[in-house]
>>> print(open('run.txt').read())   # compact mmCIF, C-alpha atoms and all ligand atoms
# COMPACT_ATOMS: atom_id res chain seq x y z
CA MET A 1 63.32 291.46 152.84
CA LEU A 2 65.37 290.35 149.85
CA PRO A 3 69.09 289.91 150.52
CA LYS A 4 71.22 292.76 149.22
CA GLN A 5 72.75 292.33 145.81
CA ARG A 6 76.50 292.06 145.76
CA ILE A 7 78.90 294.56 144.21
CA LEU A 8 82.49 293.93 143.26
CA THR A 9 84.54 296.80 141.95
CA GLY A 10 88.04 298.13 142.35
CA HIS A 11 90.89 300.29 141.22
CA ARG A 12 94.21 299.49 139.69
CA THR A 13 96.45 301.19 142.24
CA THR A 14 98.87 302.98 139.98
CA GLY A 15 99.20 306.05 142.21
CA PRO A 16 97.38 308.13 144.80
CA ARG A 17 93.74 308.93 144.02
CA HIS A 18 92.87 312.28 142.44
CA ILE A 19 89.75 314.45 142.44
CA GLY A 20 88.64 312.77 139.19
CA HIS A 21 88.52 309.43 141.03
CA LEU A 22 86.68 311.15 143.87
CA VAL A 23 83.80 312.59 141.85
CA GLY A 24 83.84 309.90 139.15
CA THR A 25 83.83 306.79 141.31
CA LEU A 26 84.50 307.14 145.03
CA LEU A 27 81.51 309.30 146.00
CA ASN A 28 79.33 306.90 144.03
CA TRP A 29 80.80 303.87 145.84
CA VAL A 30 80.18 305.58 149.17
CA LYS A 31 76.46 305.82 148.35
CA LEU A 32 76.25 302.29 146.97
CA GLN A 33 77.50 300.93 150.31
CA TYR A 34 74.06 301.56 151.78
CA GLU A 35 72.17 299.66 149.08
CA TYR A 36 74.51 296.78 148.28
CA GLU A 37 76.88 294.36 149.89
CA CYS A 38 80.14 295.84 148.60
CA PHE A 39 83.55 294.34 147.94
CA PHE A 40 86.23 296.87 146.96
CA LEU A 41 89.32 295.44 145.35
CA VAL A 42 92.84 296.84 145.42
CA ALA A 43 93.91 295.44 142.04
CA ASP A 44 97.65 295.25 142.59
CA LEU A 45 98.03 292.21 140.30
CA HIS A 46 96.58 294.33 137.51
CA VAL A 47 99.19 297.01 138.26
CA LEU A 48 101.90 294.55 137.31
CA THR A 49 100.52 294.18 133.79
CA THR A 50 102.15 297.51 132.97
CA ASP A 51 104.36 298.47 135.95
CA PHE A 52 106.26 295.25 136.66
CA GLU A 53 109.56 297.11 136.42
CA HIS A 54 108.74 299.22 139.50
CA PRO A 55 108.11 296.85 142.42
CA ASP A 56 109.06 299.56 144.90
CA ARG A 57 105.98 301.60 143.99
CA ILE A 58 103.35 298.97 144.66
CA HIS A 59 103.27 299.02 148.44
CA PRO A 60 103.13 302.83 148.92
CA ASN A 61 100.52 303.13 146.17
CA THR A 62 98.37 300.48 147.84
CA LEU A 63 98.50 302.31 151.16
CA ASP A 64 97.78 305.68 149.55
CA THR A 65 94.83 304.26 147.65
CA VAL A 66 93.22 302.64 150.66
CA ILE A 67 93.72 305.78 152.75
CA ASP A 68 92.10 307.84 149.99
CA TRP A 69 89.16 305.42 149.78
CA LEU A 70 88.56 305.56 153.52
CA ALA A 71 88.98 309.34 153.64
CA ALA A 72 86.38 309.63 150.87
CA GLY A 73 83.90 307.70 153.00
CA ILE A 74 84.34 304.00 152.25
CA ASP A 75 83.27 302.39 155.51
CA PRO A 76 85.12 299.19 156.42
CA GLN A 77 82.30 298.31 158.86
CA ARG A 78 79.92 298.06 155.91
CA SER A 79 82.15 297.05 153.05
CA THR A 80 84.94 294.57 152.50
CA LEU A 81 88.34 295.76 151.28
CA ILE A 82 90.37 293.12 149.44
CA LEU A 83 94.03 293.03 148.51
CA GLN A 84 94.02 291.10 145.24
CA SER A 85 97.53 289.67 145.50
CA ALA A 86 96.73 288.25 148.94
CA VAL A 87 93.92 286.10 147.51
CA PRO A 88 95.61 283.65 145.11
CA ASP A 89 92.19 282.22 144.15
CA HIS A 90 91.72 285.22 141.80
CA ALA A 91 94.76 284.08 139.81
CA VAL A 92 93.69 280.42 139.83
CA LEU A 93 90.19 281.21 138.59
CA SER A 94 91.67 283.45 135.92
CA LEU A 95 93.78 280.51 134.72
CA LEU A 96 90.75 278.19 134.64
CA LEU A 97 88.55 280.74 132.83
CA GLY A 98 91.31 281.24 130.27
CA ASN A 99 90.26 277.92 128.77
CA LEU A 100 86.80 279.24 127.98
CA VAL A 101 87.81 282.18 125.81
CA THR A 102 89.70 282.27 122.52
CA VAL A 103 92.79 284.28 121.71
CA ALA A 104 90.85 285.86 118.85
CA ARG A 105 88.17 287.11 121.26
CA LEU A 106 90.72 288.68 123.60
CA GLU A 107 92.51 290.33 120.68
CA ARG A 108 89.28 292.22 119.98
CA VAL A 109 89.11 293.81 123.48
CA PRO A 110 89.35 297.56 122.73
CA THR A 111 91.43 298.44 125.80
CA PHE A 112 93.97 295.82 124.77
CA LYS A 113 94.17 297.10 121.21
CA GLU A 114 94.61 300.64 122.50
CA GLN A 115 97.37 299.73 124.92
CA VAL A 116 99.26 297.75 122.31
CA ARG A 117 99.14 300.80 120.06
CA GLU A 118 100.35 303.04 122.89
CA LEU A 119 103.03 300.70 124.21
CA ASN A 120 104.57 300.28 120.82
CA LEU A 121 106.01 296.94 121.85
CA SER A 122 104.94 293.34 121.87
CA PRO A 123 102.33 292.87 124.62
CA SER A 124 102.99 290.44 127.46
CA LEU A 125 100.80 287.47 128.26
CA GLY A 126 99.93 289.26 131.51
CA LEU A 127 98.55 292.28 129.68
CA PHE A 128 96.64 290.02 127.29
CA ASN A 129 95.10 288.22 130.25
CA TYR A 130 94.04 291.49 131.95
CA PRO A 131 90.29 291.22 131.21
CA VAL A 132 90.23 287.52 132.11
CA LEU A 133 91.76 288.30 135.51
CA GLN A 134 89.22 291.10 135.94
CA SER A 135 86.43 288.66 135.07
CA ALA A 136 87.78 286.27 137.70
CA ASP A 137 87.76 289.14 140.25
CA ILE A 138 84.07 289.66 139.59
CA LEU A 139 82.88 286.09 139.17
CA ILE A 140 84.72 284.65 142.14
CA TYR A 141 82.41 286.70 144.43
CA LYS A 142 79.38 285.93 142.23
CA ALA A 143 78.84 289.68 142.10
CA GLN A 144 75.64 290.81 140.39
CA VAL A 145 76.60 294.45 139.96
CA VAL A 146 79.85 296.11 138.84
CA PRO A 147 80.04 299.93 139.00
CA VAL A 148 82.76 301.06 136.59
CA GLY A 149 83.79 303.84 134.26
CA GLU A 150 82.89 303.58 130.60
CA ASP A 151 86.38 302.43 129.64
CA GLN A 152 85.85 299.25 131.68
CA LEU A 153 82.62 298.15 130.00
CA PRO A 154 84.34 295.75 127.56
CA HIS A 155 85.85 293.93 130.54
CA VAL A 156 82.49 293.54 132.26
CA GLU A 157 81.10 292.30 128.94
CA LEU A 158 83.77 289.61 128.88
CA SER A 159 82.87 288.57 132.43
CA ARG A 160 79.27 288.13 131.29
CA GLU A 161 80.34 285.96 128.38
CA LEU A 162 82.54 283.86 130.64
CA ALA A 163 79.71 283.43 133.15
CA ARG A 164 77.37 282.26 130.39
CA ARG A 165 79.94 279.92 128.90
CA PHE A 166 80.78 278.41 132.29
CA ASN A 167 77.12 277.93 133.19
CA GLN A 168 76.41 276.34 129.84
CA LEU A 169 79.28 273.87 130.15
CA TYR A 170 79.12 272.99 133.84
CA GLY A 171 75.68 274.01 135.08
CA GLU A 172 74.31 277.18 136.66
CA THR A 173 77.09 278.71 138.77
CA PHE A 174 77.67 282.41 138.13
CA PRO A 175 75.16 285.26 137.86
CA GLU A 176 75.76 287.43 134.79
CA PRO A 177 77.18 290.62 136.27
CA GLN A 178 75.56 293.92 135.36
CA ALA A 179 77.74 297.01 134.81
CA ILE A 180 76.50 300.31 136.16
CA LEU A 181 77.95 303.65 135.13
CA SER A 182 78.28 306.60 137.47
CA ASN A 183 76.22 309.53 136.18
CA GLN A 184 79.00 312.07 136.80
CA PRO A 185 80.74 313.20 133.61
CA ARG A 186 84.50 312.72 133.58
CA LEU A 187 86.46 315.52 135.23
CA PRO A 188 89.18 316.95 132.94
CA GLY A 189 92.78 317.34 134.12
CA THR A 190 94.26 320.76 134.90
CA ASP A 191 95.55 320.89 131.29
CA ASN A 192 92.10 319.96 129.92
CA ARG A 193 93.19 316.47 128.78
CA THR A 194 91.82 313.40 130.58
CA MET A 195 92.99 313.46 134.21
CA HIS A 196 95.61 310.73 134.36
CA ASN A 197 98.38 309.81 136.80
CA SER A 198 100.95 309.71 134.01
CA TYR A 199 100.05 313.11 132.51
CA GLY A 200 101.09 315.30 135.47
CA ASN A 201 97.66 317.00 135.36
CA CYS A 202 96.04 315.65 138.53
CA ILE A 203 94.96 317.28 141.74
CA TYR A 204 95.47 314.57 144.35
CA LEU A 205 93.43 314.03 147.48
CA LYS A 206 96.74 314.03 149.36
CA ASP A 207 97.79 317.45 147.98
CA SER A 208 98.04 320.23 150.55
CA PRO A 209 95.79 323.31 150.22
CA GLU A 210 98.82 325.28 148.98
CA GLU A 211 99.64 322.66 146.34
CA THR A 212 95.99 322.59 145.27
CA THR A 213 95.91 326.38 144.96
CA ARG A 214 99.13 326.36 142.94
CA LYS A 215 97.70 323.79 140.52
CA VAL A 216 94.42 325.69 140.16
CA MET A 217 96.25 328.96 139.43
CA GLN A 218 98.11 327.20 136.58
CA MET A 219 95.01 325.62 135.08
CA TYR A 220 94.17 325.74 131.42
CA THR A 221 91.33 328.19 130.72
CA ASP A 222 90.01 329.89 127.62
CA PRO A 223 93.01 330.16 125.24
CA THR A 224 91.27 332.81 123.10
CA ARG A 225 91.08 335.24 125.98
CA ILE A 226 94.02 337.67 126.25
CA HIS A 227 92.63 340.46 128.48
CA ALA A 228 90.25 340.25 131.41
CA THR A 229 87.89 342.49 129.44
CA ASP A 230 87.67 340.03 126.50
CA PRO A 231 84.48 337.96 126.51
CA GLY A 232 85.39 334.49 127.85
CA HIS A 233 84.17 331.01 127.00
CA ILE A 234 82.62 328.69 129.56
CA GLU A 235 82.23 325.55 127.42
CA GLY A 236 85.27 323.31 127.44
CA ASN A 237 86.83 325.51 130.11
CA PRO A 238 87.90 323.22 132.97
CA VAL A 239 87.87 326.09 135.50
CA PHE A 240 84.10 326.30 135.09
CA THR A 241 83.66 322.55 134.85
CA TYR A 242 85.28 322.31 138.31
CA MET A 243 83.26 325.29 139.54
CA ASP A 244 80.05 323.46 138.57
CA VAL A 245 81.12 320.30 140.37
CA PHE A 246 82.64 321.75 143.55
CA ASN A 247 80.77 324.99 144.23
CA PRO A 248 77.39 324.26 145.83
CA ASN A 249 76.41 327.93 145.51
CA VAL A 250 74.63 327.78 142.13
CA GLU A 251 73.79 331.48 142.12
CA GLU A 252 77.39 332.49 142.61
CA VAL A 253 78.50 330.16 139.81
CA GLU A 254 75.88 331.70 137.49
CA ASP A 255 77.06 335.20 138.37
CA LEU A 256 80.72 334.29 137.76
CA LYS A 257 79.83 332.76 134.40
CA GLN A 258 77.94 335.87 133.30
CA ARG A 259 80.74 338.17 134.34
CA TYR A 260 83.32 335.96 132.62
CA GLN A 261 81.36 335.80 129.39
CA SER A 262 80.91 339.56 129.30
CA GLY A 263 84.53 340.39 130.18
CA ARG A 264 83.82 341.69 133.68
CA ILE A 265 86.05 339.32 135.63
CA GLY A 266 89.56 338.01 134.98
CA ASP A 267 90.86 334.44 134.97
CA VAL A 268 93.00 335.03 138.04
CA ALA A 269 90.02 336.11 140.12
CA VAL A 270 87.93 333.12 139.02
CA LYS A 271 90.78 330.73 139.75
CA ARG A 272 91.33 332.24 143.19
CA ARG A 273 87.69 331.65 143.96
CA LEU A 274 87.90 328.10 142.59
CA ALA A 275 90.93 327.34 144.76
CA GLU A 276 88.94 328.45 147.83
CA VAL A 277 85.94 326.42 146.82
CA LEU A 278 87.97 323.31 146.12
CA ASN A 279 89.96 323.59 149.35
CA ARG A 280 86.74 323.97 151.30
CA PHE A 281 85.25 320.91 149.57
CA LEU A 282 88.35 318.84 150.30
CA GLY A 283 88.89 320.11 153.86
CA PRO A 284 87.05 317.41 155.85
CA LEU A 285 88.42 314.68 153.60
CA ARG A 286 91.96 315.93 154.21
CA GLU A 287 91.44 315.85 157.95
CA ARG A 288 90.28 312.25 157.81
CA ARG A 289 93.16 311.45 155.50
CA ALA A 290 95.78 312.88 157.85
CA ALA A 291 94.35 310.92 160.79
CA LEU A 292 94.39 307.69 158.79
CA ALA A 293 97.87 308.23 157.35
CA ALA A 294 99.26 308.61 160.87
CA HIS A 295 98.54 304.91 161.53
CA PRO A 296 99.55 302.87 158.50
CA GLN A 297 99.56 299.68 160.59
CA ASP A 298 95.81 300.07 161.12
CA ILE A 299 95.32 300.27 157.36
CA VAL A 300 97.28 297.08 156.85
CA GLN A 301 95.18 295.41 159.56
CA LEU A 302 91.95 296.52 157.86
CA LEU A 303 93.12 295.07 154.58
CA ARG A 304 94.12 291.86 156.33
CA GLU A 305 90.66 291.48 157.89
CA GLY A 306 88.86 292.27 154.64
CA THR A 307 91.05 289.88 152.73
CA GLN A 308 90.26 287.08 155.21
CA GLN A 309 86.53 287.68 154.84
CA ALA A 310 86.93 287.67 151.07
CA GLN A 311 88.75 284.36 151.21
CA SER A 312 85.89 282.58 152.88
CA VAL A 313 83.83 283.49 149.78
CA THR A 314 86.53 282.70 147.23
CA HIS A 315 87.33 279.33 148.81
CA SER A 316 83.78 278.14 148.50
CA THR A 317 83.49 279.38 144.89
CA MET A 318 86.75 277.64 144.01
CA GLU A 319 85.63 274.40 145.56
CA GLU A 320 82.48 274.51 143.46
CA VAL A 321 84.33 275.54 140.28
CA MET A 322 87.12 272.97 140.60
CA GLY A 323 84.62 270.22 141.33
CA LYS A 324 82.51 271.13 138.31
CA MET A 325 85.55 271.30 136.05
CA GLY A 326 86.62 267.80 137.04
CA LEU A 327 89.40 268.74 139.44
CA SER A 328 87.67 267.12 142.40
CA MET A 329 90.61 264.80 143.09
CA ALA A 330 92.67 267.85 144.05
CA LEU A 331 89.88 268.84 146.41
CA SER A 332 89.91 265.45 148.12
CA PHE A 333 93.66 265.77 148.80
CA ASN A 334 92.95 268.91 150.68
CA ASP A 335 90.41 267.07 152.75
CA LYS A 336 88.21 270.14 153.25
CA SER A 337 91.07 272.07 154.84
CA PHE A 338 90.67 273.88 151.52
CA LEU A 339 87.78 275.68 153.14
CA VAL A 340 89.75 277.00 156.10
CA PRO A 341 91.31 280.39 155.45
N1 LIG B 401 90.50 297.38 135.65
C1 LIG B 401 89.99 298.24 136.70
C2 LIG B 401 90.62 299.64 136.55
O1 LIG B 401 91.54 299.83 135.80
C3 LIG B 401 90.31 297.70 138.06
C4 LIG B 401 89.67 296.38 138.34
C5 LIG B 401 90.30 295.19 138.52
C6 LIG B 401 88.27 296.12 138.45
N2 LIG B 401 89.41 294.20 138.77
C7 LIG B 401 88.14 294.72 138.72
C8 LIG B 401 87.12 296.92 138.34
C9 LIG B 401 86.90 294.12 138.85
C10 LIG B 401 85.86 296.31 138.47
C11 LIG B 401 85.77 294.93 138.73
O2 LIG B 401 90.25 300.55 137.23
>>> encode(input="run.txt", output="structure tokens", more="lines below")
Ligand code: TRP
Amino acid sequence: MLPKQRILTGHRTTGPRHIGHLVGTLLNWVKLQYEYECFFLVADLHVLTTDFEHPDRIHPNTLDTVIDWLAAGIDPQRSTLILQSAVPDHAVLSLLLGNLVTVARLERVPTFKEQVRELNLSPSLGLFNYPVLQSADILIYKAQVVPVGEDQLPHVELSRELARRFNQLYGETFPEPQAILSNQPRLPGTDNRTMHNSYGNCIYLKDSPEETTRKVMQMYTDPTRIHATDPGHIEGNPVFTYMDVFNPNVEEVEDLKQRYQSGRIGDVAVKRRLAEVLNRFLGPLRERRAALAAHPQDIVQLLREGTQQAQSVTHSTMEEVMGKMGLSMALSFNDKSFLVP
């Protein structure tokens, strides 16, 4: 049997995970665990590229994220969870790879251009380096496969270029990582914009059933519909987008759609039903979440173990990379203790 291919992917832990993360990435990761050797990265160094003024948020957000991942079905027996800031090799490789890419190339990264426009201030070196650090995250594990959202494709593309460039200069070292997209369309936020931590339009995995119901009852629907007897629109209506994703009863969904379109059911009734459906869907996940959140020390321990496993991989990659780049004298100082985590 061929050895499993290796996956490296992760999240920038800017807040607790929401249902968009769940259907967009987490449920996909859970499946991939059975086909690939998976490394899941808590990208807290990447958080600092925008949130360096809020150090107090990093630790709670890391815990929340890992608890959400586990509650969604990430299995630490199968997969390795890594805390990025605990593995300094990521930062060192990022520094070394920085020599193999030009400023002009990084200025063309679309996510960078977008953020500079949004920030409206002069970007930091850290933000500029974002895709190089992400490339280091991937290459340091010699990952072949990187499941990501569409917005991250330019970063995976850069990691491929860096792998090629490195191999060309120093000999075959890194596989060219392949991005894979999840086939789920993006879930809109409760206000029908993109679901985003900073927009206040998220339903979080940690929300209570009551909170979830409250958010559903306030959701954006069809703005052209004034009375429950007006014909309603299904397309672009997030209530029905959610209904399609979370209600396994296809016949019921069809019936609700027909009644909505012909003005035979009101928004309130549809939303009530959606709140029930969503709370049922999230029920088992919430139970697992509560059990996990009761023992934060166990979460820290899991991260510690995963991080140690990760380091045995990163140390051997760094030894190879530093040697090939001519830094072998530094390696000899360490007298192989470099390899001991
Ligand atoms: N940039 C990714 C995000 O915003 C997080 C991330 C960091 C990542 N390093 C990675 C994703 C490596 C895939 C591979 O979600």
>>> residues_around(input="run.txt", residues="Asp56 in chain A", least_positions_apart="6", cutoff="12 Å", atoms="only C-alpha atoms", output="list in words")
Thr14, Leu48 and Thr62 of chain A
>>> residues_around(input="run.txt", residues="range 300-317 of chain A", least_positions_apart="2", cutoff="9 Å", atoms="all atoms listed in the file", output="PDB file with C-alpha atoms, keeping the file's coordinate frame")
ATOM      1  CA  PHE A  39      83.550 294.340 147.940  1.00  0.00           C
ATOM      2  CA  LEU A  63      98.500 302.310 151.160  1.00  0.00           C
ATOM      3  CA  VAL A  66      93.220 302.640 150.660  1.00  0.00           C
ATOM      4  CA  PRO A  76      85.120 299.190 156.420  1.00  0.00           C
ATOM      5  CA  SER A  79      82.150 297.050 153.050  1.00  0.00           C
ATOM      6  CA  THR A  80      84.940 294.570 152.500  1.00  0.00           C
ATOM      7  CA  LEU A  81      88.340 295.760 151.280  1.00  0.00           C
ATOM      8  CA  ILE A  82      90.370 293.120 149.440  1.00  0.00           C
ATOM      9  CA  LEU A  83      94.030 293.030 148.510  1.00  0.00           C
ATOM     10  CA  GLN A  84      94.020 291.100 145.240  1.00  0.00           C
ATOM     11  CA  ALA A  86      96.730 288.250 148.940  1.00  0.00           C
ATOM     12  CA  VAL A  87      93.920 286.100 147.510  1.00  0.00           C
ATOM     13  CA  ASP A  89      92.190 282.220 144.150  1.00  0.00           C
ATOM     14  CA  HIS A  90      91.720 285.220 141.800  1.00  0.00           C
ATOM     15  CA  LEU A 139      82.880 286.090 139.170  1.00  0.00           C
ATOM     16  CA  ILE A 140      84.720 284.650 142.140  1.00  0.00           C
ATOM     17  CA  TYR A 141      82.410 286.700 144.430  1.00  0.00           C
ATOM     18  CA  LYS A 142      79.380 285.930 142.230  1.00  0.00           C
ATOM     19  CA  THR A 173      77.090 278.710 138.770  1.00  0.00           C
ATOM     20  CA  PRO A 296      99.550 302.870 158.500  1.00  0.00           C
ATOM     21  CA  GLN A 297      99.560 299.680 160.590  1.00  0.00           C
ATOM     22  CA  ASP A 298      95.810 300.070 161.120  1.00  0.00           C
ATOM     23  CA  GLU A 319      85.630 274.400 145.560  1.00  0.00           C
ATOM     24  CA  GLU A 320      82.480 274.510 143.460  1.00  0.00           C
ATOM     25  CA  VAL A 321      84.330 275.540 140.280  1.00  0.00           C
ATOM     26  CA  MET A 322      87.120 272.970 140.600  1.00  0.00           C
ATOM     27  CA  PHE A 338      90.670 273.880 151.520  1.00  0.00           C
ATOM     28  CA  LEU A 339      87.780 275.680 153.140  1.00  0.00           C
ATOM     29  CA  VAL A 340      89.750 277.000 156.100  1.00  0.00           C
ATOM     30  CA  PRO A 341      91.310 280.390 155.450  1.00  0.00           C
TER      31      PRO A 341
END
>>> residues_near_ligand(input="run.txt", ligand="ligand LIG 401 (chain B)", cutoff="7 Å", atoms="all atoms listed in the file", output="count of residues only")
16
>>> closest_residue(input="run.txt", among="A:Leu278, A:Leu181, A:Leu93, A:Leu26", to="Thr212 in chain A", atoms="all atoms listed in the file")
A:Leu278
>>> closest_residue(input="run.txt", among="A:Phe128, A:Tyr260, A:Tyr170, A:Phe52", to="Leu100 in chain A", atoms="all atoms listed in the file")
A:Tyr170
>>> residues_around(input="run.txt", residues="range 261-269 of chain A", least_positions_apart="3", cutoff="7 Å", atoms="only C-alpha atoms", output="ChimeraX atom specification")
/A:228-233,257-258,272-273
>>> closest_residue(input="run.txt", among="A:Ala136, A:Leu32, A:Ala290, A:Leu153", to="Thr111 in chain A", atoms="only C-alpha atoms")
A:Leu153
>>> closest_residue(input="run.txt", among="A:Gly189, A:Pro177, A:Gly236, A:Gly149", to="Gln218 in chain A", atoms="only C-alpha atoms")
A:Gly189
>>> closest_residue(input="run.txt", among="A:Glu251, A:Gly323, A:Glu157, A:Asp207", to="Gly283 in chain A", atoms="all atoms listed in the file")
A:Asp207
>>> closest_residue(input="run.txt", among="A:Val250, A:Ala179, A:Leu125, A:Val270", to="Thr221 in chain A", atoms="all atoms listed in the file")
A:Val270
>>> atom_distance(input="run.txt", atom1="CA of Glu150 in chain A", atom2="CA of Pro123 in chain A")
23.0 Å
>>> atom_distance(input="run.txt", atom1="CA of Ile7 in chain A", atom2="CA of Ala143 in chain A")
5.3 Å
>>> residues_around(input="run.txt", residues="Leu187 in chain A", least_positions_apart="6", cutoff="12 Å", atoms="all atoms listed in the file", output="list of chain:residue names")
A:His18, A:Ile19, A:Gly20, A:His21, A:Leu22, A:Val23, A:Gly24, A:Thr25, A:Arg193, A:Thr194, A:Met195, A:His196, A:Asn201, A:Cys202, A:Ile203, A:Gly236, A:Asn237, A:Pro238, A:Val239, A:Phe240, A:Thr241, A:Tyr242, A:Met243, A:Asp244, A:Val245, A:Phe246
>>> atom_distance(input="run.txt", atom1="CA of Pro55 in chain A", atom2="CA of Leu133 in chain A")
19.7 Å
>>> residues_near_point(input="run.txt", point="(71.6, 295.2, 152.5)", cutoff="8 Å", atoms="only C-alpha atoms", output="PyMOL selection string")
chain A and resi 3-5+34-37
>>> decode(input="run.txt", residues="range 72-79 of chain A", atoms="all heavy atoms", output="compact mmCIF listing (two decimals), in the first residue's frame")
# COMPACT_ATOMS: atom_id res chain seq x y z
N ALA A 72 -16.12 19.51 16.19
CA ALA A 72 -16.59 19.25 14.82
C ALA A 72 -16.18 17.86 14.34
O ALA A 72 -16.72 17.37 13.35
CB ALA A 72 -16.05 20.31 13.87
N GLY A 73 -15.22 17.25 15.03
CA GLY A 73 -14.84 15.88 14.65
C GLY A 73 -13.37 15.69 14.28
O GLY A 73 -12.98 14.61 13.84
N ILE A 74 -12.55 16.73 14.43
CA ILE A 74 -11.11 16.52 14.24
C ILE A 74 -10.65 15.57 15.34
O ILE A 74 -10.94 15.78 16.51
CB ILE A 74 -10.34 17.87 14.32
CG1 ILE A 74 -10.81 18.82 13.22
CG2 ILE A 74 -8.84 17.63 14.26
CD1 ILE A 74 -10.54 18.35 11.81
N ASP A 75 -9.95 14.53 14.93
CA ASP A 75 -9.59 13.45 15.86
C ASP A 75 -8.09 13.48 16.13
O ASP A 75 -7.29 13.15 15.26
CB ASP A 75 -10.00 12.11 15.22
CG ASP A 75 -9.61 10.93 16.09
OD1 ASP A 75 -9.00 11.13 17.16
OD2 ASP A 75 -9.92 9.79 15.68
N PRO A 76 -7.72 13.89 17.34
CA PRO A 76 -6.29 14.03 17.64
C PRO A 76 -5.53 12.69 17.65
O PRO A 76 -4.31 12.69 17.63
CB PRO A 76 -6.27 14.67 19.04
CG PRO A 76 -7.61 14.42 19.60
CD PRO A 76 -8.57 14.25 18.47
N GLN A 77 -6.28 11.57 17.63
CA GLN A 77 -5.60 10.27 17.50
C GLN A 77 -5.12 10.05 16.07
O GLN A 77 -4.19 9.30 15.82
CB GLN A 77 -6.56 9.12 17.86
CG GLN A 77 -7.18 9.19 19.23
CD GLN A 77 -6.15 9.10 20.33
OE1 GLN A 77 -5.09 8.48 20.17
NE2 GLN A 77 -6.44 9.74 21.46
N ARG A 78 -5.83 10.67 15.14
CA ARG A 78 -5.50 10.49 13.72
C ARG A 78 -4.64 11.62 13.19
O ARG A 78 -3.85 11.42 12.27
CB ARG A 78 -6.79 10.56 12.88
CG ARG A 78 -7.57 9.35 12.92
CD ARG A 78 -8.74 9.40 11.95
NE ARG A 78 -9.29 8.09 11.97
CZ ARG A 78 -8.88 7.09 11.23
NH1 ARG A 78 -7.96 7.29 10.31
NH2 ARG A 78 -9.38 5.89 11.38
N SER A 79 -4.91 12.82 13.67
CA SER A 79 -4.33 14.01 13.06
C SER A 79 -3.47 14.75 14.08
O SER A 79 -3.65 14.58 15.28
CB SER A 79 -5.43 14.94 12.58
OG SER A 79 -6.26 14.26 11.67
